[in-house]
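Shown next: input_21.cif, given as mmCIF, C-alpha atoms.
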data_entry
#
loop_
_atom_site.label_atom_id
_atom_site.label_comp_id
_atom_site.auth_asym_id
_atom_site.auth_seq_id
_atom_site.Cartn_x
_atom_site.Cartn_y
_atom_site.Cartn_z
CA MET V 1 0.00 0.00 0.00
CA PRO V 2 1.35 3.48 -0.81
CA GLN V 3 2.61 5.71 1.97
CA VAL V 4 2.16 9.42 2.49
CA THR V 5 4.45 11.51 4.67
CA LEU V 6 3.17 14.88 5.76
CA SER V 7 3.28 17.31 8.64
CA VAL V 8 0.00 17.91 10.44
CA ASN V 9 -0.10 20.71 13.00
CA GLY V 10 3.69 20.63 13.18
CA LYS V 11 3.97 16.88 13.76
CA SER V 12 5.32 14.57 11.07
CA HIS V 13 3.32 11.46 10.14
CA THR V 14 3.90 8.61 7.72
CA VAL V 15 0.69 6.75 7.00
CA GLU V 16 -0.36 3.93 4.68
CA VAL V 17 -3.25 4.95 2.46
CA GLU V 18 -5.04 3.79 -0.68
CA GLY V 19 -4.81 5.77 -3.91
CA ARG V 20 -8.40 6.86 -3.39
CA THR V 21 -8.02 7.93 0.26
CA LEU V 22 -9.06 11.57 0.65
CA LEU V 23 -7.07 14.01 2.76
CA VAL V 24 -10.07 14.44 5.08
CA GLU V 25 -10.26 10.65 5.57
CA LEU V 26 -6.57 10.57 6.44
CA LEU V 27 -7.06 13.36 9.00
CA ARG V 28 -10.23 12.00 10.59
CA GLU V 29 -9.86 8.24 10.35
CA LYS V 30 -6.11 7.62 10.38
CA LEU V 31 -4.98 10.50 12.62
CA GLY V 32 -8.14 10.88 14.72
CA LEU V 33 -8.38 14.61 14.04
CA THR V 34 -12.17 14.79 13.87
CA GLY V 35 -12.35 18.57 14.18
CA THR V 36 -12.30 18.75 10.40
CA HIS V 37 -15.84 17.91 9.30
CA VAL V 38 -17.39 16.37 6.22
CA GLY V 39 -20.57 18.22 5.36
CA CYS V 40 -21.65 17.98 1.75
CA ASP V 41 -18.74 15.85 0.49
CA THR V 42 -19.11 17.68 -2.84
CA SER V 43 -16.66 20.58 -2.28
CA GLN V 44 -19.42 23.14 -1.79
CA CYS V 45 -20.00 23.57 1.97
CA GLY V 46 -16.46 24.16 3.25
CA ALA V 47 -16.84 22.27 6.55
CA CYS V 48 -13.70 20.32 5.58
CA VAL V 49 -11.41 23.32 4.95
CA VAL V 50 -7.85 22.92 6.23
CA HIS V 51 -4.64 24.73 5.32
CA VAL V 52 -2.21 22.99 2.98
CA ASN V 53 1.08 24.89 2.86
CA GLY V 54 -0.78 27.89 4.28
CA ALA V 55 -3.63 28.02 1.77
CA SER V 56 -7.25 27.05 2.46
CA VAL V 57 -8.20 23.81 0.71
CA LYS V 58 -11.27 21.59 0.73
CA SER V 59 -9.85 18.40 2.20
CA CYS V 60 -12.78 16.33 0.89
CA THR V 61 -11.62 17.11 -2.64
CA MET V 62 -7.92 16.38 -2.34
CA LEU V 63 -6.29 12.97 -2.31
CA ALA V 64 -4.18 12.16 0.73
CA LEU V 65 -1.30 11.29 -1.61
CA GLN V 66 -1.45 14.76 -3.16
CA ALA V 67 -0.51 16.12 0.27
CA ASP V 68 2.75 14.15 0.38
CA GLY V 69 5.46 16.45 1.76
CA ALA V 70 2.95 19.18 2.66
CA GLN V 71 2.44 21.15 5.86
CA VAL V 72 -1.18 20.73 6.90
CA THR V 73 -2.90 22.76 9.62
CA THR V 74 -6.29 21.75 11.01
CA ILE V 75 -8.57 23.38 13.57
CA GLU V 76 -6.79 21.32 16.27
CA GLY V 77 -3.51 23.07 15.42
CA LEU V 78 -4.66 26.63 16.11
CA ALA V 79 -4.79 26.96 19.90
CA LYS V 80 -1.56 27.16 21.89
CA PRO V 81 -0.55 24.08 23.89
CA ASP V 82 -1.69 25.85 27.09
CA GLY V 83 -5.19 26.14 25.59
CA THR V 84 -5.03 29.84 24.64
CA LEU V 85 -7.29 30.18 21.63
CA HIS V 86 -6.21 31.60 18.28
CA PRO V 87 -7.52 35.19 17.94
CA MET V 88 -9.98 34.02 15.28
CA GLN V 89 -11.37 31.35 17.60
CA GLU V 90 -11.55 33.91 20.40
CA MET V 91 -13.48 36.36 18.22
CA PHE V 92 -15.89 33.63 17.06
CA ARG V 93 -16.64 33.04 20.74
CA GLU V 94 -16.80 36.75 21.60
CA HIS V 95 -19.22 37.56 18.77
CA HIS V 96 -21.34 34.42 19.04
CA ALA V 97 -20.37 33.43 15.51
CA LEU V 98 -21.55 29.85 15.91
CA GLN V 99 -24.66 28.05 16.89
CA CYS V 100 -24.56 24.31 16.16
CA GLY V 101 -20.85 24.53 15.38
CA PHE V 102 -20.76 22.10 12.48
CA CYS V 103 -19.47 24.61 9.92
CA THR V 104 -17.23 26.38 12.44
CA PRO V 105 -13.91 24.56 11.90
CA GLY V 106 -14.07 25.24 8.16
CA MET V 107 -15.26 28.81 8.73
CA VAL V 108 -12.36 29.51 11.09
CA MET V 109 -9.78 28.00 8.74
CA SER V 110 -11.11 29.93 5.74
CA ALA V 111 -11.33 33.11 7.80
CA ILE V 112 -7.71 32.88 8.96
CA ASP V 113 -6.49 32.42 5.39
CA LEU V 114 -8.65 35.37 4.29
CA VAL V 115 -7.24 37.67 6.99
CA ASN V 116 -3.66 36.52 6.31
CA ALA V 117 -4.11 37.18 2.59
CA HIS V 118 -5.25 40.77 3.18
CA PRO V 119 -2.69 42.63 5.27
CA GLU V 120 -3.95 45.86 3.65
CA GLY V 121 -7.34 45.47 5.36
CA LEU V 122 -10.67 43.82 4.62
CA THR V 123 -14.03 45.39 3.85
CA GLU V 124 -17.25 43.72 4.94
CA GLU V 125 -17.96 42.98 1.29
CA GLN V 126 -14.60 41.27 0.90
CA ILE V 127 -15.27 39.16 3.98
CA ARG V 128 -18.68 38.09 2.69
CA HIS V 129 -17.24 37.34 -0.75
CA GLY V 130 -14.33 35.46 0.85
CA LEU V 131 -16.76 33.16 2.65
CA GLU V 132 -18.44 32.12 -0.60
CA GLY V 133 -17.15 28.57 -0.19
CA ASN V 134 -18.40 28.07 3.38
CA LEU V 135 -22.03 27.37 4.17
CA CYS V 136 -23.63 27.98 7.58
CA ARG V 137 -27.23 26.89 8.06
CA CYS V 138 -27.95 28.44 11.46
CA THR V 139 -26.35 31.75 12.45
CA GLY V 140 -26.86 33.38 9.08
CA TYR V 141 -23.30 34.69 8.63
CA HIS V 142 -23.78 38.09 10.24
CA ASN V 143 -21.88 37.36 13.44
CA ILE V 144 -19.29 35.36 11.52
CA VAL V 145 -18.53 38.46 9.44
CA LYS V 146 -18.30 40.54 12.64
CA ALA V 147 -15.94 38.03 14.24
CA ILE V 148 -13.62 38.06 11.22
CA ALA V 149 -13.54 41.87 11.11
CA ALA V 150 -12.72 41.88 14.84
CA ALA V 151 -9.94 39.29 14.41
CA TRP V 152 -8.16 41.28 11.68
CA PRO V 153 -6.47 43.84 14.03
CA LEU V 154 -5.62 41.10 16.52
CA MET V 155 -3.90 39.02 13.83
CA HIS V 156 -2.09 41.93 12.19
CA GLY V 157 -1.20 43.67 15.46
CA ARG V 158 -2.72 46.99 14.34
CA GLN V 159 -5.98 48.68 13.47
CA MET V 160 -7.25 48.74 9.90
CA ALA V 161 -6.40 51.99 8.14
CA ALA V 162 -9.37 54.36 8.07
CA GLU V 163 -11.08 54.26 4.70
CA MET R 164 -14.72 6.00 -5.25
CA TYR R 165 -13.14 3.00 -6.95
CA ASP R 166 -9.52 2.51 -6.00
CA PHE R 167 -6.71 3.21 -8.44
CA GLU R 168 -2.96 3.35 -8.57
CA TYR R 169 -1.69 6.89 -7.89
CA VAL R 170 1.51 7.94 -9.64
CA LYS R 171 3.32 11.26 -9.54
CA PRO R 172 5.96 11.35 -12.29
CA LYS R 173 8.86 13.80 -12.07
CA ALA R 174 9.17 14.30 -15.84
CA LEU R 175 6.67 15.29 -18.51
CA ALA R 176 7.87 12.57 -20.89
CA GLU R 177 7.22 9.93 -18.24
CA ALA R 178 3.71 11.25 -17.50
CA ALA R 179 2.91 11.37 -21.22
CA SER R 180 4.19 7.86 -21.81
CA ILE R 181 2.09 6.41 -18.97
CA LEU R 182 -1.00 8.18 -20.30
CA ALA R 183 -0.24 7.16 -23.91
CA GLY R 184 0.38 3.52 -23.02
CA ASP R 185 -2.64 2.99 -20.76
CA GLY R 186 -6.04 3.99 -22.12
CA GLU R 187 -7.53 3.64 -18.64
CA ALA R 188 -5.06 6.06 -17.03
CA LYS R 189 -6.20 9.62 -16.33
CA ALA R 190 -4.28 12.83 -15.70
CA LEU R 191 -4.90 14.74 -12.47
CA ALA R 192 -4.32 18.50 -12.38
CA GLY R 193 -6.03 20.40 -9.52
CA GLY R 194 -8.73 17.76 -9.19
CA MET R 195 -11.56 20.22 -8.54
CA THR R 196 -13.70 18.50 -11.17
CA PHE R 197 -11.95 15.17 -11.52
CA ILE R 198 -12.07 14.14 -7.85
CA PRO R 199 -15.85 14.78 -7.64
CA VAL R 200 -16.22 12.73 -10.84
CA LEU R 201 -14.28 9.88 -9.21
CA LYS R 202 -16.40 10.13 -6.05
CA GLN R 203 -19.54 9.71 -8.11
CA ARG R 204 -18.00 6.64 -9.76
CA LEU R 205 -18.50 8.23 -13.16
CA ASN R 206 -14.97 7.24 -14.04
CA LYS R 207 -12.87 4.19 -13.13
CA PRO R 208 -9.25 4.91 -13.99
CA SER R 209 -6.58 2.25 -13.64
CA ARG R 210 -4.04 4.88 -12.77
CA VAL R 211 -4.26 8.52 -11.78
CA VAL R 212 -1.26 10.46 -13.03
CA ASP R 213 -0.66 13.54 -10.87
CA LEU R 214 0.89 16.33 -12.96
CA ALA R 215 1.91 18.40 -9.91
CA ALA R 216 5.64 17.57 -9.97
CA LEU R 217 6.33 18.45 -13.62
CA GLY R 218 7.15 22.12 -13.09
CA LEU R 219 4.18 23.25 -15.17
CA ALA R 220 3.13 26.14 -12.92
CA GLY R 221 4.15 29.73 -13.57
CA ILE R 222 3.29 32.98 -15.30
CA LYS R 223 5.41 34.81 -17.87
CA VAL R 224 4.31 38.18 -19.24
CA SER R 225 6.02 39.90 -22.15
CA GLY R 226 4.78 42.99 -23.96
CA GLU R 227 2.61 41.01 -26.36
CA THR R 228 1.71 37.78 -24.61
CA VAL R 229 0.76 36.28 -21.27
CA GLU R 230 1.98 32.71 -20.87
CA ILE R 231 0.39 30.67 -18.11
CA GLY R 232 1.70 27.23 -17.17
CA ALA R 233 -0.94 24.50 -17.20
CA MET R 234 -0.70 23.80 -13.46
CA THR R 235 -1.02 27.44 -12.44
CA THR R 236 -3.90 27.81 -10.00
CA HIS R 237 -6.81 30.21 -10.42
CA ALA R 238 -5.64 31.95 -7.23
CA ALA R 239 -2.18 32.55 -8.74
CA VAL R 240 -3.65 34.02 -11.94
CA ALA R 241 -6.15 36.14 -9.97
CA SER R 242 -3.46 37.63 -7.71
CA SER R 243 -0.72 38.08 -10.33
CA ALA R 244 0.15 41.79 -10.60
CA GLU R 245 1.52 41.13 -14.10
CA VAL R 246 -1.66 39.46 -15.37
CA LYS R 247 -3.76 42.21 -13.77
CA ARG R 248 -1.73 44.78 -15.68
CA ALA R 249 -1.61 42.98 -19.05
CA ILE R 250 -5.07 41.34 -19.23
CA PRO R 251 -7.14 42.47 -16.23
CA ALA R 252 -10.17 40.62 -17.63
CA LEU R 253 -8.29 37.33 -17.35
CA ALA R 254 -7.25 37.95 -13.73
CA GLY R 255 -10.82 38.97 -12.94
CA LEU R 256 -12.22 35.82 -14.53
CA ALA R 257 -9.87 33.65 -12.46
CA ALA R 258 -10.84 35.55 -9.29
CA ASN R 259 -14.48 34.53 -9.70
CA ILE R 260 -14.15 30.81 -10.40
CA GLY R 261 -15.65 28.70 -7.60
CA ASP R 262 -14.55 29.95 -4.19
CA GLU R 263 -11.24 30.74 -2.44
CA ALA R 264 -10.42 27.15 -1.48
CA VAL R 265 -11.31 25.86 -4.94
CA ARG R 266 -9.14 28.55 -6.55
CA HIS R 267 -6.18 27.41 -4.45
CA ARG R 268 -6.29 24.00 -6.16
CA GLY R 269 -8.03 24.37 -9.54
CA THR R 270 -5.77 24.98 -12.55
CA ILE R 271 -6.08 26.56 -15.98
CA GLY R 272 -4.81 23.42 -17.71
CA GLY R 273 -7.31 21.22 -15.89
CA SER R 274 -10.17 23.54 -16.80
CA LEU R 275 -9.23 23.64 -20.48
CA ALA R 276 -8.58 19.88 -20.70
CA ASN R 277 -11.98 19.15 -19.15
CA ASN R 278 -13.84 21.76 -21.27
CA ASP R 279 -16.90 21.85 -19.04
CA PRO R 280 -19.66 23.67 -20.95
CA SER R 281 -20.14 26.00 -17.95
CA ALA R 282 -16.49 26.65 -17.14
CA CYS R 283 -15.13 30.20 -17.41
CA TYR R 284 -11.63 29.69 -18.88
CA PRO R 285 -12.72 28.26 -22.27
CA SER R 286 -14.39 31.60 -23.08
CA ALA R 287 -11.18 33.51 -22.34
CA ALA R 288 -9.09 31.15 -24.46
CA LEU R 289 -11.50 31.39 -27.39
CA ALA R 290 -12.18 35.14 -27.25
CA LEU R 291 -8.52 36.08 -26.79
CA GLY R 292 -7.43 33.66 -29.52
CA ALA R 293 -5.12 31.79 -27.17
CA THR R 294 -2.73 29.04 -28.19
CA ILE R 295 -2.90 25.83 -26.18
CA VAL R 296 0.57 24.32 -26.03
CA THR R 297 0.94 20.59 -25.32
CA ASN R 298 3.86 18.17 -25.08
CA LYS R 299 3.29 17.49 -28.80
CA ARG R 300 2.14 20.67 -30.55
CA SER R 301 0.52 24.09 -30.40
CA ILE R 302 -3.25 24.23 -30.94
CA ALA R 303 -5.20 27.38 -31.80
CA ALA R 304 -8.21 27.88 -29.55
CA ASP R 305 -10.48 27.83 -32.63
CA ASP R 306 -9.37 24.23 -33.31
CA TYR R 307 -9.09 23.15 -29.69
CA PHE R 308 -12.70 23.23 -28.40
CA GLN R 309 -14.70 20.47 -30.08
CA GLY R 310 -17.93 20.26 -28.11
CA MET R 311 -19.05 19.55 -24.57
CA PHE R 312 -16.21 17.91 -22.56
CA THR R 313 -14.44 17.34 -25.90
CA THR R 314 -11.16 18.85 -27.05
CA ALA R 315 -8.48 18.30 -29.68
CA LEU R 316 -6.29 16.57 -27.06
CA GLU R 317 -5.24 13.05 -27.96
CA GLN R 318 -4.44 10.14 -25.67
CA GLY R 319 -1.14 10.91 -23.96
CA GLU R 320 -1.26 14.58 -24.85
CA VAL R 321 -0.76 16.93 -21.89
CA ILE R 322 -1.28 20.70 -21.89
CA THR R 323 1.91 22.43 -20.76
CA LYS R 324 0.97 26.09 -21.09
CA VAL R 325 -1.50 28.54 -22.59
CA ILE R 326 -0.37 31.63 -24.48
CA PHE R 327 -2.74 34.60 -24.56
CA PRO R 328 -2.05 37.52 -26.93
CA VAL R 329 -2.49 40.80 -24.99
CA PRO R 330 -5.63 42.52 -26.31
CA ALA R 331 -6.29 46.24 -26.63
CA LYS R 332 -9.60 45.76 -24.82
CA ALA R 333 -11.24 42.82 -23.09
CA ALA R 334 -13.80 42.02 -20.43
CA TYR R 335 -15.66 39.02 -19.06
CA MET R 336 -19.13 39.08 -17.55
CA LYS R 337 -20.65 36.05 -15.89
CA PHE R 338 -24.15 35.39 -14.66
CA ALA R 339 -23.20 32.83 -12.04
CA ASN R 340 -25.43 30.04 -10.88
CA PRO R 341 -26.03 31.15 -7.28
CA ALA R 342 -25.26 27.71 -5.85
CA SER R 343 -22.41 26.32 -7.94
CA ARG R 344 -20.87 29.62 -9.15
CA TYR R 345 -20.53 28.04 -12.59
CA ALA R 346 -21.54 30.30 -15.47
CA MET R 347 -25.22 30.06 -16.41
CA VAL R 348 -24.02 32.43 -19.10
CA GLY R 349 -20.58 33.98 -19.40
CA VAL R 350 -19.51 36.27 -22.23
CA PHE R 351 -15.89 37.21 -22.94
CA VAL R 352 -15.37 40.06 -25.40
CA ALA R 353 -11.98 41.04 -26.79
CA LYS R 354 -10.48 43.41 -29.33
CA GLY R 355 -7.03 42.12 -30.03
CA PRO R 356 -4.47 41.17 -32.66
CA GLN R 357 -6.96 38.68 -34.14
CA GLY R 358 -9.74 41.24 -34.39
CA VAL R 359 -12.96 41.43 -32.39
CA ARG R 360 -13.92 38.11 -30.82
CA VAL R 361 -16.86 37.24 -28.60
CA ALA R 362 -17.00 33.87 -26.82
CA VAL R 363 -19.97 32.54 -24.90
CA THR R 364 -19.78 29.87 -22.19
CA GLY R 365 -22.43 28.26 -20.00
CA ALA R 366 -25.09 28.45 -22.68
CA GLY R 367 -24.27 26.26 -25.67
CA GLN R 368 -25.18 22.58 -25.87
CA GLU R 369 -21.84 22.04 -27.56
CA GLY R 370 -19.92 24.08 -25.00
CA VAL R 371 -18.13 27.36 -25.60
CA PHE R 372 -18.82 29.08 -28.95
CA ARG R 373 -18.07 32.31 -30.81
CA HIS R 374 -20.91 34.74 -31.41
CA LYS R 375 -20.15 35.80 -34.99
CA ALA R 376 -23.09 38.24 -35.34
CA MET R 377 -21.91 40.15 -32.27
CA GLU R 378 -18.33 40.10 -33.54
CA ALA R 379 -19.43 41.67 -36.84
CA ALA R 380 -21.46 44.37 -35.07
CA LEU R 381 -18.63 45.21 -32.65
CA ALA R 382 -16.04 45.24 -35.43
CA LYS R 383 -18.04 48.07 -37.03
CA THR R 384 -18.64 49.98 -33.79
CA TRP R 385 -17.14 48.97 -30.45
CA SER R 386 -19.96 49.97 -28.11
CA ALA R 387 -22.65 48.28 -26.06
CA ASP R 388 -25.27 50.05 -28.17
CA ALA R 389 -23.93 48.36 -31.29
CA LEU R 390 -25.27 45.07 -29.88
CA ALA R 391 -28.82 46.37 -29.50
CA GLY R 392 -30.18 44.83 -32.68
CA VAL R 393 -28.10 41.65 -32.66
CA ALA R 394 -30.25 38.55 -32.22
CA THR R 395 -29.17 35.45 -30.30
CA PRO R 396 -31.28 32.44 -31.35
CA ALA R 397 -32.32 30.06 -28.56
CA GLU R 398 -31.75 26.99 -30.76
CA GLY R 399 -28.73 25.01 -29.63
CA LEU R 400 -28.72 26.55 -26.16
CA ASN R 401 -29.12 24.61 -22.92
CA SER R 402 -32.41 24.31 -21.11
CA ASP R 403 -32.28 22.96 -17.56
CA ILE R 404 -33.74 23.56 -14.09
CA HIS R 405 -31.66 26.74 -13.81
CA ALA R 406 -32.71 28.50 -17.00
CA SER R 407 -34.53 27.91 -20.28
CA ALA R 408 -32.77 28.28 -23.63
CA GLU R 409 -34.75 31.46 -24.28
CA TYR R 410 -33.64 32.94 -20.96
CA ARG R 411 -30.02 32.05 -21.69
CA ALA R 412 -30.32 33.67 -25.14
CA HIS R 413 -31.53 36.84 -23.46
CA LEU R 414 -28.74 36.69 -20.86
CA ILE R 415 -26.12 36.42 -23.60
CA GLY R 416 -27.24 39.80 -24.94
CA VAL R 417 -27.23 41.37 -21.48
CA MET R 418 -23.86 39.96 -20.45
CA ALA R 419 -22.28 40.90 -23.80
CA LYS R 420 -23.43 44.51 -23.47
CA ARG R 421 -22.16 44.71 -19.91
CA ALA R 422 -18.84 43.20 -21.00
CA VAL R 423 -18.35 45.71 -23.82
CA ALA R 424 -19.24 48.56 -21.46
CA ALA R 425 -16.76 47.26 -18.88
CA ALA R 426 -14.02 46.88 -21.50
CA GLY R 427 -14.38 50.58 -22.32
#
Any chance you could give the structure as structure tokens?
Amino acid sequence: MPQVTLSVNGKSHTVEVEGRTLLVELLREKLGLTGTHVGCDTSQCGACVVHVNGASVKSCTMLALQADGAQVTTIEGLAKPDGTLHPMQEMFREHHALQCGFCTPGMVMSAIDLVNAHPEGLTEEQIRHGLEGNLCRCTGYHNIVKAIAAAWPLMHGRQMAAE
Amino acid sequence: MYDFEYVKPKALAEAASILAGDGEAKALAGGMTFIPVLKQRLNKPSRVVDLAALGLAGIKVSGETVEIGAMTTHAAVASSAEVKRAIPALAGLAANIGDEAVRHRGTIGGSLANNDPSACYPSAALALGATIVTNKRSIAADDYFQGMFTTALEQGEVITKVIFPVPAKAAYMKFANPASRYAMVGVFVAKGPQGVRVAVTGAGQEGVFRHKAMEAALAKTWSADALAGVATPAEGLNSDIHASAEYRAHLIGVMAKRAVAAAG
């Protein structure tokens, strides 16, 4: 059986997989990292978003073997070892940006990539557009958008420039 | 998904020879369409040949052309300062394919090789008069697209890059399906070294096509008003749960006018 070697949340793993094994199956079933969810399984809902080499990716639509040699970050890799939450997680809590929580891991991972990709600042419209690939069926996005806007200055260590 | 043997060749010649020698082998680019196809068991390849290690990603802009490697992601095209400067319509098209996460994986070569009738890139290639370069030859866009999910590519032929001539004016307007973000109708207009060209995606039963009547009208006068009297017949257009052929015909006119206005 083929092997894949990758780093997940800073820890190196070598795992036997099938050709058809998806990255999300490797994470959930082989490594026990069940924070990454499978929602639609058709690359639309975004519950399975993780970072591969820093970029948001739908892990239900990537083969595990395609991630050979990659650095993968999942929702479990965000908080510090002492339990201090990532600023994005903290702002999701602060702004009540989740209700049932199913979409939350993917939302948080997409949101972090979005904030990282826009050091110049983010408008509300850009945030809403940036969440196109993540579906939430209970909170209705509004508080999620607020949480992301609030996380931007925490992640960049400064306030957004006045428009 | 049926299981398969996954291979990731380090050289283009090796990838091409595997694909040429095994009719059941399939090439994998970004996988944003192919992996869903595999999940639905619509395809049962013996081998999946990952093209990611062949060095086919990259963007090269000269004064007259924009060359994009086949494995360049939509995100890379969308964020390239050079593409934005040379052909802003192309960067804008890439920026509106799927969603962020999809754009991080999906590639221009994969999109053109698949030739989905609702994909965005085929309209850019056809309207800009691009050249599709493979491991064997160079193919003009006019000869490349041969109907829904059908291209001039032969068994064992792999796209390596796409060369776009820089146009004087160009714009792309898409009426996106609100759920899938695929084009219900997308119109790419360009005025370039090959004259005025208008390509329509998302609408035709045979995939992307050129709208010759609009091209003739715009060649006379480049303005949205010049399209006012140009008819788009509904025959040959798709009818599905999202839109009737008549509605798509109407949308083609609307999107084309908006595109010409945006191109300036």
Quick one, how far is atom CA of V:Gly101 from atom CA of V:Thr42? 19.5 Å
Can you list, as a ChimeraX atom specification, the residues that the PyMOL selection byres ((chain R) within 10 of (chain V)) selects here? /R:164-171,191,193-203,210-211,213,215,259,261-268,342-344
Shortest interatomic distance to V:Cys138 - which of V:Val17, V:Cys103, V:Met160, V:Ala150, counting only C-alpha atoms: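 For V:Cys138, the nearest of the candidates is V:Cys103.
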Explicit residue set for the PyMOL selection byres ((chain V and resi 71) around 12), as a PyMOL selection string: chain V and resi 5-13+50-56+66-70+72-74+77
Excluding same-chain residues fewer than 5 positions from R:Gln368, what lies within 9 Å of it counting only C-alpha atoms, as a PyMOL selection string? chain R and resi 280+310-311+399-402
Would you export the selected residues with C-alpha atoms as a PDB file, keeping the file's coordinate frame, please?
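Generated file (part.pdb):
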ATOM      1  CA  PRO R 280     -19.660  23.670 -20.950  1.00  0.00           C
ATOM      2  CA  GLY R 310     -17.930  20.260 -28.110  1.00  0.00           C
ATOM      3  CA  MET R 311     -19.050  19.550 -24.570  1.00  0.00           C
ATOM      4  CA  GLY R 399     -28.730  25.010 -29.630  1.00  0.00           C
ATOM      5  CA  LEU R 400     -28.720  26.550 -26.160  1.00  0.00           C
ATOM      6  CA  ASN R 401     -29.120  24.610 -22.920  1.00  0.00           C
ATOM      7  CA  SER R 402     -32.410  24.310 -21.110  1.00  0.00           C
TER       8      SER R 402
END
Result set of the PyMOL selection byres ((chain R and resi 308) around 10) on the coordinates above, as a ChimeraX atom specification: /R:275-276,278,285,288-289,302-307,309-316,369-372
As a list of chain:residue names, please: the residues near R:Val224 (cut-off 12 Å, all atoms listed in the file, same-chain neighbours under 3 positions excluded).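 Once the nearby chain positions are removed, what remains is R:Gly221, R:Glu227, R:Thr228, R:Val229, R:Glu230, R:Ile231, R:Gly232, R:Val240, R:Ser243, R:Ala244, R:Glu245, R:Val246, R:Lys247, R:Arg248, R:Ala249, R:Ile250, R:Val325, R:Ile326, R:Phe327, R:Pro328, R:Val329.
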Please indicate the distance in Å from atom CA of R:Gly218 to atom CA of R:Tyr335, rounded to one decimal place. 29.0 Å
One-decimal distance in Å that lies between atom CA of R:Ala282 and atom CA of R:Tyr410: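 Taking atom CA of R:Tyr410 and atom CA of R:Ala282, their separation equals 18.7 Å.
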